[in-house]
There are 2 protein chains.
Amino acid sequence: MSGAGSFLQQSRIEDTFWTRIRETARREGIPYQWKALNDQVPGAEPSYCMKNFRIAAGRETGTHGGYIFQDSDIAKWIEGAAFSLRWHPDPDLEEVIDRAVDEVVDAQQPDGYLDTYYIINGLEKRWTNLKDNHELYCAGHMIEGAVAYYQVTGKRKLLDAVIRLVDHIDSVLGPEPEKLHGYPGHPVIEMALMRLYAVTRDPKHLKLAKYFVDQRGQAPLYFREEDERNHNHFYWKDSYFQYQYYQAGLPLREQTEAQGHAVRAMYLFSGAADVARETGDSGLADACRRLWKNTVQRRMYVTGSIGSSEYGEAFTFDYDLPNDTIYGETCAAIGLVFFARRMLALEAKSEYADVMERALYNGVISGMQLDGKRFFYVNPLEVLPEACEKDHAKCRVKVERQKWFGCACCPPNLIRLVSSLEDYIYSCARRDLYVHLYVGGSLNTFVGGKPVRVGVQTNYPWDGNIRFSIGTETPVAFALRLRIPGWCEKYTLTVNGSPEKSPVVDGYAVIDRTWQDGDRVELALDMPVSLIHANPRVYEDAGKVAVSRGPLVYCLEEADNGRNLHSVRLGNGRAESFSAEWKPDKLGGIVELRSPGIRETDTGWGETLYSSINRIESDPVVLTWIPYYSWANRDPGEMRVWIRE
Amino acid sequence: MSGAGSFLQQSRIEDTFWTRIRETARREGIPYQWKALNDQVPGAEPSYCMKNFRIAAGRETGTHGGYIFQDSDIAKWIEGAAFSLRWHPDPDLEEVIDRAVDEVVDAQQPDGYLDTYYIINGLEKRWTNLKDNHELYCAGHMIEGAVAYYQVTGKRKLLDAVIRLVDHIDSVLGPEPEKLHGYPGHPVIEMALMRLYAVTRDPKHLKLAKYFVDQRGQAPLYFREEDERNHNHFYWKDSYFQYQYYQAGLPLREQTEAQGHAVRAMYLFSGAADVARETGDSGLADACRRLWKNTVQRRMYVTGSIGSSEYGEAFTFDYDLPNDTIYGETCAAIGLVFFARRMLALEAKSEYADVMERALYNGVISGMQLDGKRFFYVNPLEVLPEACEKDHAKCRVKVERQKWFGCACCPPNLIRLVSSLEDYIYSCARRDLYVHLYVGGSLNTFVGGKPVRVGVQTNYPWDGNIRFSIGTETPVAFALRLRIPGWCEKYTLTVNGSPEKSPVVDGYAVIDRTWQDGDRVELALDMPVSLIHANPRVYEDAGKVAVSRGPLVYCLEEADNGRNLHSVRLGNGRAESFSAEWKPDKLGGIVELRSPGIRETDTGWGETLYSSINRIESDPVVLTWIPYYSWANRDPGEMRVWIRE
């Protein structure tokens with residue numbers, strides 16, 4: 001099995017759908033978050049993030065504020081802001097980032113250590129609670145920020161700082177007898193080290209990433225010994241998942257199920273897939289494949305969200321996908337996108353890109369308000385506002401996005417992802433050029449050593465027509481591999497206006513030819529409305545359907561359909577009875593769907609609670625469906641994805 | 001509106017259905033609990049209950065063990081055991097109770113105070129946290145135990161002790177300026193004082209009960225002031241229900257909804273109904289009626305269980321009745337029975353007796369295993385064992401009854417209720433003799449001053465035929481009022497073999513005549529299977545039906561129907577397609593139901609999680625239904641009450 005190769009960053013996005021989201025993130029999110037990190041947002045919980053760095057550097061006095069992992073917020077912000085410079089150069093922003101980098105590096109210790117919590121509270125306590133205290137998590141994000149900033153600007157200050165930090169980490173942790181045999185309680189450094197390795201090619205960086213992947217969960221369990229040695233508290237001792245919360249109950253190669261904290265799982269699996277690809281470790285690749293399958297075949301919502309339980313922000317068990325007590329953290333869906341891209345790089349199968357697309361267009365971007373000013377942690381598929389207020393089991397589900405969070409992982413994570421969307425669209429392996437996502441714009445790259453330009457025009461996801469134009473200096477032979485999405489049952493493909501019968505290999509239509517400058521390819525994906533059923537083992541969705549069109553999952557909202565959405569059923573089971581209309585002024589521009597529906601009324605019930613006479617009456621209604629990602633952008637109200645047939 | 005009068009205790013139960021349950025409670029429950037209270041059950045959590053009394057009396061040394069309200073366990077046990085003596089005299093048990101009474105009274109202080117927690121930990125701290133520390137709750141239960149034991153045996157030792165205790169309470173709490181203006185965080189003493197008043201007719205006892213009902217929730221709020229004064233912790237400060245957890249957010253007369261802790265609500269409402277009846281306070285009666293309606297019309301499960309949320313063991317909001325994250329505490333259903341009986345005494349309407357019956361035959365007795373050795377706190381209407389283990393939101397729902405609980409409120413509560421079932425069947429007001437429940441046995445009473453004996457023969461709830469025989473010394477004119485249950489759509493009534501066209505008044509068929517010795521009345525209630533729909537506003541039950549027959553709600557269990565009960569639908573919507581068969585050897589003897597059903601299979605799905613092609617295939621199956629109360633008496637497995645139509 002060969003992978004889809006390296007993802008290509010030299011592309012430019014000019015796309016109706018994504019440009020709006022990316023511009024919103026850039027114009028609103030990045031400056032807003034910078035203010036938040038500097039405690040300058042009136043009414044929001046203070047972050048303390050930058051203040052912590054100044055205190056750690058001795059420039060201010062005070063105590064460490066916010067979460068123990070507060071440093072990671074500036075790291076993610078730097079990464080997102082750096083990515084935005086790639087497609088929107090902005091000297092003012094670059095100067096702000098430079099200032100941020102100065103403040104961060106200013107706090108670094110002579111031995112390379114960099115974590116404001118321990119610098120402020122006493123370095124003698126560092127490395128005593130890898131399980132909970134996030135030193136390696138913060139380091140991982142700082143590495144990712146540093147690599148991104150270096151790749152975009154060529155500036156090495158933060159990169160050099162994290163290289164010193166990694167040297168320090170490598171001196172403390174590792175398999176050698178004199179070192180601690182620990183690993184992070186919250187993975188991310190594995191991916192980060194692989195990104196660093198891609199820049200430095202320093203074998204130490206690969207070796208450390210591989211060590212973290214392999215050492216995790218080995219007996220005797222480091223976290224248990226660490227707890228005993230340092231009298232740390234084991235918060236999950238009464239939980240079902242135990243050390244699997246930390247992805248440490250078993251070595252990854254022995255795991256068969258996605259368990260515990262969903263974000264930690266995704267980050268670890270992503271790092272492991274990177275290591276497997278780089279080292280050609282087929283056993284590790286098999287483990288990643290097994291965990292991928294369990295995640296997406298049994299534990300993923302139709303929106304690409306994952307994590308069924310608020311408790312532990314965790315996976316629960318196969319086919320347990322409650323729509324209203326879901327956690328479905330934005331960061332977890334983002335983590336699934338990371339994992340999907342890395343599995344694609346391992347093996348070029350469209351199932352990975354299908355999931356990547358599902359998460360991106362639904363459970364990821366649902367995390368951000370259309371105006372970019374508010375964010376969801378939890379992305380439910382069913383919301384009853386009164387229940388969120390009055391039923392404790394649902395109180396983590398919010399009906400409105402929040403301004404900022406004390407634990408602010410999701411907003412900067414979302415911004416760094418959409419700001420780097422270029423990196424998810426194309427990949428190249430030898431003479432194969434893959435197109436995984438359909439996003440308008442262009443790509444300048446080399447295939448088989450020769451320069452190739454690909455232009456893409458599309459109105460995706462609102463329709464399924466994608467036009468490619470090829471630009472070459474001289475004719476180039478290569479295989480253009482276009483993903484035929486899993487949701488697409490019918491499509492046509494033409495090259496220079498002539499129908500093309502291309503073989504479909506692993507979900508990609510392969511057009512293998514010698515390309516001339518000016519060649520045109522048109523892919524027309526049929527994009528009717530689909531009625532989705534869940535596997536009958538998903539007990540929460542039994543007897544229900546979800547509605548989708550192309551990559552977008554739709555939902556019913558109270559703003560369009562009134563209250564008591566549980567009383568609404570589909571008018572008939574035919575997808576053909578749906579109509580689709582472009583509404584430029586609604587919710588930032590959407591294709592709205594309408595369908596016949598049935599609304600059960602309580603006429604005749606009065607105050608009867610239970611009745612052996614079936615008093616249920618129904619009225620025909622017209623249902624109005626909007627894309628899931630756009631929910632909760634009007635007055636707060638009910639929302640449902642799965643409705644009764 | 002006139003009430004159903006006083007409930008009559010001079011009856012004898014000889015009934016297939018109830019005798020088994022009562023005998024189990026007597027033979028297994030009472031001795032087992034006595035052992036438990038004395039820490040003599042191997043493997044069970046120690047109770048510390050009796051040990052606390054001995055320490056408080058200075059006969060042993062040690063610290064107080066168990067919950068702060070552990071004293072109430074012996075009080076409830078005394079009450080239940082006392083009731084059992086009424087229908088099963090047992091000198092050995094009576095001696096044990098005497099010994100228990102000795103140990104309890106031994107700990108009483110010279111000023112009448114009696115609460116082992118404060119006696120052991122320092123009397124100077126007593127009465128500083130009425131909100132949480134249960135002194136008045138324990139006192140209330142002790143009063144109830146004392147009254148019952150006195151009424152059954154004539155022994156005054158415990159009665160006199162609680163009268164001294166009440167004198168002490170009355171000296172500390174009350175409306176007078178020099179007293180604390182407090183009231184119990186957990187009601188029960190209101191009912192208890194009314195029972196004491198029925199024995200003593202001491203106006204002080206009525207006055208104190210009325211004070212507790214009226215003072216509750218008045219501004220300035222006592223609990224808030226008490227918290228400030230004594231630096232008590234307000235555990236529910238982030239909750240939705242706030243002081244309504246304690247039923248203290250508002251004066252009861254201003255409340256319109258059943259809120260907060262469900263057991264506390266029922267106990268308070270019951271005491272308030274007692275006070276309203278005794279004092280003829282129509283405003284208070286109106287408040288009780290309003291709270292009754294809200295409870296049973298919008299917040300009660302079809303099994304008579306109440307309390308939708310584990311958090312706070314509480315009510316949530318109208319029509320919020322989740323079947324799998326339910327609390328549905330056994331004690332709360334028992335409290336609903338208490339409340340129902342008191343509302344009946346206030347006004348003779350069958351709706352109260354209907355609810356009493358619904359709770360008794362379903363959500364109350366489901367709390368006890370058929371062998372009387374294990375108990376449920378939580379009584380779910382839908383159980384998936386894997387979810388109870390792996391989904392934290394459902395972890396309070398158990399698939400098996402438990403041996404004993406550290407907080408052991410439910411087992412003795414259940415035992416005292418079934419042991420005193422006599423008190424719920426008949427009531428008499430002037431020349432009206434009401435029969436509220438159909439339980440085989442006999443009643444010796446006076447109607448209009450003349451002795452009357454009523455014999456009842458029935459196989460209820462397995463069939464609806466009830467035969468009454470009247471015994472009199474001389475002819476007596478009175479109205480026999482027989483409840484026509486809400487579930488019954490058709491019935492016949494004969495007197496001495498001749499059809500009787502009796503008017504039905506407030507749900508009771510009224511046979512008003514001059515009765516001769518030997519008169520026979522036969523009531524034949526048609527008892528077909530009913531398919532129950534919930535009000536469409538109950539979103540958790542939309543598109544679903546429950547099955548009942550007579551007063552019994554039925555369920556599907558894995559032991560009969562295999563796993564994945566969510567995949568099962570009714571074969572057709574016709575109750576006539578059900579068959580009923582008496583199974584003497586199954587689950588202690590039940591009428592089992594069978595019906596056509598449809599089981600959706602996952603054939604053809606493989607590892608597909610979502611599909612736009614409807615792959616759902618169905619097989620016809622025969623469904624086997626058992627009475628809800630009898631679930632979880634075989635191997636642990638799935639169970640469902642509401643299934644898809």
# chains A, B, ... in the order shown; residues from 1 in each chain; ligands from 1
>>> residues_around(residues="Leu114 in chain A", least_positions_apart="5", cutoff="8 Å", atoms="only C-alpha atoms", output="mmCIF file with all heavy atoms, in the first residue's frame")
data_model
loop_
_atom_site.group_PDB
_atom_site.id
_atom_site.type_symbol
_atom_site.label_atom_id
_atom_site.label_comp_id
_atom_site.auth_asym_id
_atom_site.auth_seq_id
_atom_site.Cartn_x
_atom_site.Cartn_y
_atom_site.Cartn_z
ATOM 1 N N ALA A 107 11.463 34.130 28.435
ATOM 2 C CA ALA A 107 11.218 33.340 29.646
ATOM 3 C C ALA A 107 11.984 32.026 29.654
ATOM 4 O O ALA A 107 12.002 31.319 30.662
ATOM 5 C CB ALA A 107 9.716 33.065 29.790
ATOM 6 N N GLN A 108 12.597 31.690 28.529
ATOM 7 C CA GLN A 108 13.285 30.391 28.470
ATOM 8 C C GLN A 108 14.482 30.377 29.427
ATOM 9 O O GLN A 108 15.194 31.365 29.572
ATOM 10 C CB GLN A 108 13.756 30.111 27.037
ATOM 11 C CG GLN A 108 14.280 28.680 26.864
ATOM 12 C CD GLN A 108 14.511 28.304 25.407
ATOM 13 O OE1 GLN A 108 14.832 29.169 24.589
ATOM 14 N NE2 GLN A 108 14.332 27.044 25.083
ATOM 15 N N GLN A 109 14.684 29.244 30.067
ATOM 16 C CA GLN A 109 15.754 29.100 31.036
ATOM 17 C C GLN A 109 17.076 28.771 30.342
ATOM 18 O O GLN A 109 17.077 28.280 29.205
ATOM 19 C CB GLN A 109 15.392 27.987 32.020
ATOM 20 C CG GLN A 109 14.109 28.248 32.784
ATOM 21 C CD GLN A 109 14.201 29.516 33.611
ATOM 22 O OE1 GLN A 109 14.971 29.600 34.551
ATOM 23 N NE2 GLN A 109 13.435 30.545 33.226
ATOM 24 N N ILE A 119 8.446 27.632 35.942
ATOM 25 C CA ILE A 119 9.445 28.694 36.108
ATOM 26 C C ILE A 119 8.998 29.616 37.243
ATOM 27 O O ILE A 119 9.790 30.009 38.096
ATOM 28 C CB ILE A 119 9.636 29.475 34.787
ATOM 29 C CG1 ILE A 119 10.226 28.549 33.707
ATOM 30 C CG2 ILE A 119 10.557 30.683 35.005
ATOM 31 C CD1 ILE A 119 10.264 29.151 32.312
ATOM 32 N N ALA A 139 5.135 22.276 25.374
ATOM 33 C CA ALA A 139 6.319 22.205 24.525
ATOM 34 C C ALA A 139 5.923 21.816 23.104
ATOM 35 O O ALA A 139 6.397 22.398 22.120
ATOM 36 C CB ALA A 139 7.309 21.192 25.094
ATOM 37 N N LEU A 165 14.841 23.695 23.689
ATOM 38 C CA LEU A 165 13.869 23.070 24.593
ATOM 39 C C LEU A 165 13.842 21.557 24.383
ATOM 40 O O LEU A 165 13.829 20.773 25.353
ATOM 41 C CB LEU A 165 12.476 23.680 24.355
ATOM 42 C CG LEU A 165 11.280 23.018 25.034
ATOM 43 C CD1 LEU A 165 11.451 22.967 26.553
ATOM 44 C CD2 LEU A 165 9.994 23.778 24.685
#
>>> interface_residues(of="chain B", to="chain A", cutoff="7 Å", atoms="only C-alpha atoms", output="PyMOL selection string")
chain B and resi 240+297-298+309+311+316-317+389-393+530-536+539+542+566-567+601-602+605+607-612+614
>>> write_last_selection(atoms="C-alpha atoms", output="short mmCIF file (atom, residue, chain, number, x, y, z; two decimals), in the first residue's frame")
data_model
loop_
_atom_site.label_atom_id
_atom_site.label_comp_id
_atom_site.auth_asym_id
_atom_site.auth_seq_id
_atom_site.Cartn_x
_atom_site.Cartn_y
_atom_site.Cartn_z
CA TYR B 240 -30.45 25.59 38.49
CA GLN B 297 -49.50 15.76 34.68
CA ARG B 298 -46.04 16.85 33.56
CA SER B 309 -32.19 13.88 37.13
CA TYR B 311 -28.05 15.63 39.95
CA THR B 316 -36.05 19.07 36.02
CA PHE B 317 -38.76 20.69 33.91
CA GLU B 389 -20.71 0.87 32.92
CA LYS B 390 -19.05 3.13 30.36
CA ASP B 391 -21.16 6.27 30.04
CA HIS B 392 -20.72 8.41 33.11
CA ALA B 393 -24.12 10.11 32.60
CA SER B 530 -53.33 -1.15 26.34
CA LEU B 531 -50.83 0.63 24.17
CA ILE B 532 -49.91 3.82 25.93
CA HIS B 533 -48.82 6.99 24.20
CA ALA B 534 -47.24 9.86 26.05
CA ASN B 535 -48.30 13.44 25.59
CA PRO B 536 -46.46 14.66 22.47
CA TYR B 539 -39.88 14.46 23.75
CA ALA B 542 -42.06 10.64 20.77
CA HIS B 566 -33.71 -0.44 20.53
CA SER B 567 -33.97 -2.34 17.24
CA THR B 601 -31.18 -6.22 11.76
CA ASP B 602 -27.78 -4.98 10.78
CA TRP B 605 -24.37 -3.01 7.14
CA GLU B 607 -18.82 -1.81 9.23
CA THR B 608 -20.80 0.93 7.51
CA LEU B 609 -21.72 3.56 10.08
CA TYR B 610 -23.79 5.95 7.95
CA SER B 611 -25.46 5.22 4.67
CA SER B 612 -27.62 7.11 2.22
CA ASN B 614 -31.47 2.50 3.52
#
>>> residues_around(residues="Gly80 in chain B", least_positions_apart="6", cutoff="7 Å", atoms="only C-alpha atoms", output="list in words")
Pro412, Ile415, Arg416 and Ser419 of chain B
>>> residues_around(residues="Asp102 in chain B", least_positions_apart="5", cutoff="9 Å", atoms="only C-alpha atoms", output="ChimeraX atom specification")
/B:97,107,157-158
>>> select_by_dssp(residues="range 210-261 of chain B", states="alpha helix (DSSP H)", output="list in words")
Lys210, Tyr211, Phe212, Val213, Asp214, Gln215, Tyr222, Phe223, Arg224, Glu225, Glu226, Asp227, Glu228, Arg229 and Asn230 of chain B
>>> residues_around(residues="range 257-270 of chain A", least_positions_apart="4", cutoff="7 Å", atoms="only C-alpha atoms", output="JSON, numbers by chain")
{"A": [186, 187, 188, 190, 191, 241, 244, 245, 246, 247, 274, 288, 291, 294, 295, 306, 307, 312, 313, 314, 315, 316, 331, 332, 335, 336, 338, 339, 342]}
>>> residues_around(residues="Phe468 in chain B", least_positions_apart="2", cutoff="12 Å", atoms="only C-alpha atoms", output="PyMOL selection string")
chain B and resi 435+438-443+453-458+465-466+470-471+480-482+493-497+517-524
>>> residues_around(residues="Leu381 in chain A", least_positions_apart="5", cutoff="6 Å", atoms="only C-alpha atoms", output="ChimeraX atom specification")
/A:323,640-641
>>> closest_residue(among="B:Ile334, B:His436, B:Val418, B:Trp292", to="Ala81 in chain B", atoms="only C-alpha atoms")
B:Val418
>>> select_by_dssp(residues="range 346-510 of chain B", states="strand (DSSP E)", output="count of residues only")
54
>>> closest_residue(among="A:Leu37, A:Lys131, A:Glu400, A:Pro499", to="Asp635 in chain A", atoms="only C-alpha atoms")
A:Glu400
>>> closest_residue(among="A:Cys428, A:Val383, A:Ile626, A:Val397", to="Glu638 in chain A", atoms="only C-alpha atoms")
A:Val383
>>> atom_distance(atom1="CA of Pro251 in chain B", atom2="CA of Leu173 in chain B")
17.4 Å
>>> atom_distance(atom1="CA of Arg483 in chain B", atom2="CA of Leu321 in chain B")
28.1 Å
>>> decode(residues="range 135-148 of chain B", atoms="N, CA and C atoms", output="compact mmCIF listing (two decimals), in the first residue's frame")
# COMPACT_ATOMS: atom_id res chain seq x y z
N GLU B 135 -31.17 16.96 61.35
CA GLU B 135 -31.65 16.67 62.72
C GLU B 135 -33.17 16.51 62.74
N LEU B 136 -33.85 17.41 62.01
CA LEU B 136 -35.32 17.34 62.02
C LEU B 136 -35.82 16.18 61.16
N TYR B 137 -35.05 15.79 60.17
CA TYR B 137 -35.40 14.62 59.37
C TYR B 137 -35.36 13.37 60.23
N CYS B 138 -34.28 13.21 60.96
CA CYS B 138 -34.17 12.04 61.84
C CYS B 138 -35.27 12.07 62.90
N ALA B 139 -35.52 13.26 63.42
CA ALA B 139 -36.60 13.38 64.41
C ALA B 139 -37.94 12.96 63.80
N GLY B 140 -38.18 13.41 62.58
CA GLY B 140 -39.43 13.08 61.91
C GLY B 140 -39.62 11.59 61.77
N HIS B 141 -38.58 10.92 61.29
CA HIS B 141 -38.71 9.47 61.13
C HIS B 141 -38.87 8.78 62.48
N MET B 142 -38.17 9.30 63.49
CA MET B 142 -38.29 8.67 64.80
C MET B 142 -39.73 8.81 65.32
N ILE B 143 -40.33 9.97 65.06
CA ILE B 143 -41.72 10.17 65.46
C ILE B 143 -42.63 9.16 64.75
N GLU B 144 -42.39 8.99 63.46
CA GLU B 144 -43.24 8.05 62.72
C GLU B 144 -43.08 6.62 63.23
N GLY B 145 -41.83 6.25 63.50
CA GLY B 145 -41.61 4.91 64.05
C GLY B 145 -42.29 4.75 65.40
N ALA B 146 -42.18 5.78 66.22
CA ALA B 146 -42.77 5.73 67.56
C ALA B 146 -44.29 5.62 67.51
N VAL B 147 -44.89 6.40 66.62
CA VAL B 147 -46.35 6.37 66.50
C VAL B 147 -46.81 4.99 66.03
N ALA B 148 -46.12 4.47 65.02
CA ALA B 148 -46.53 3.16 64.50
C ALA B 148 -46.40 2.10 65.57
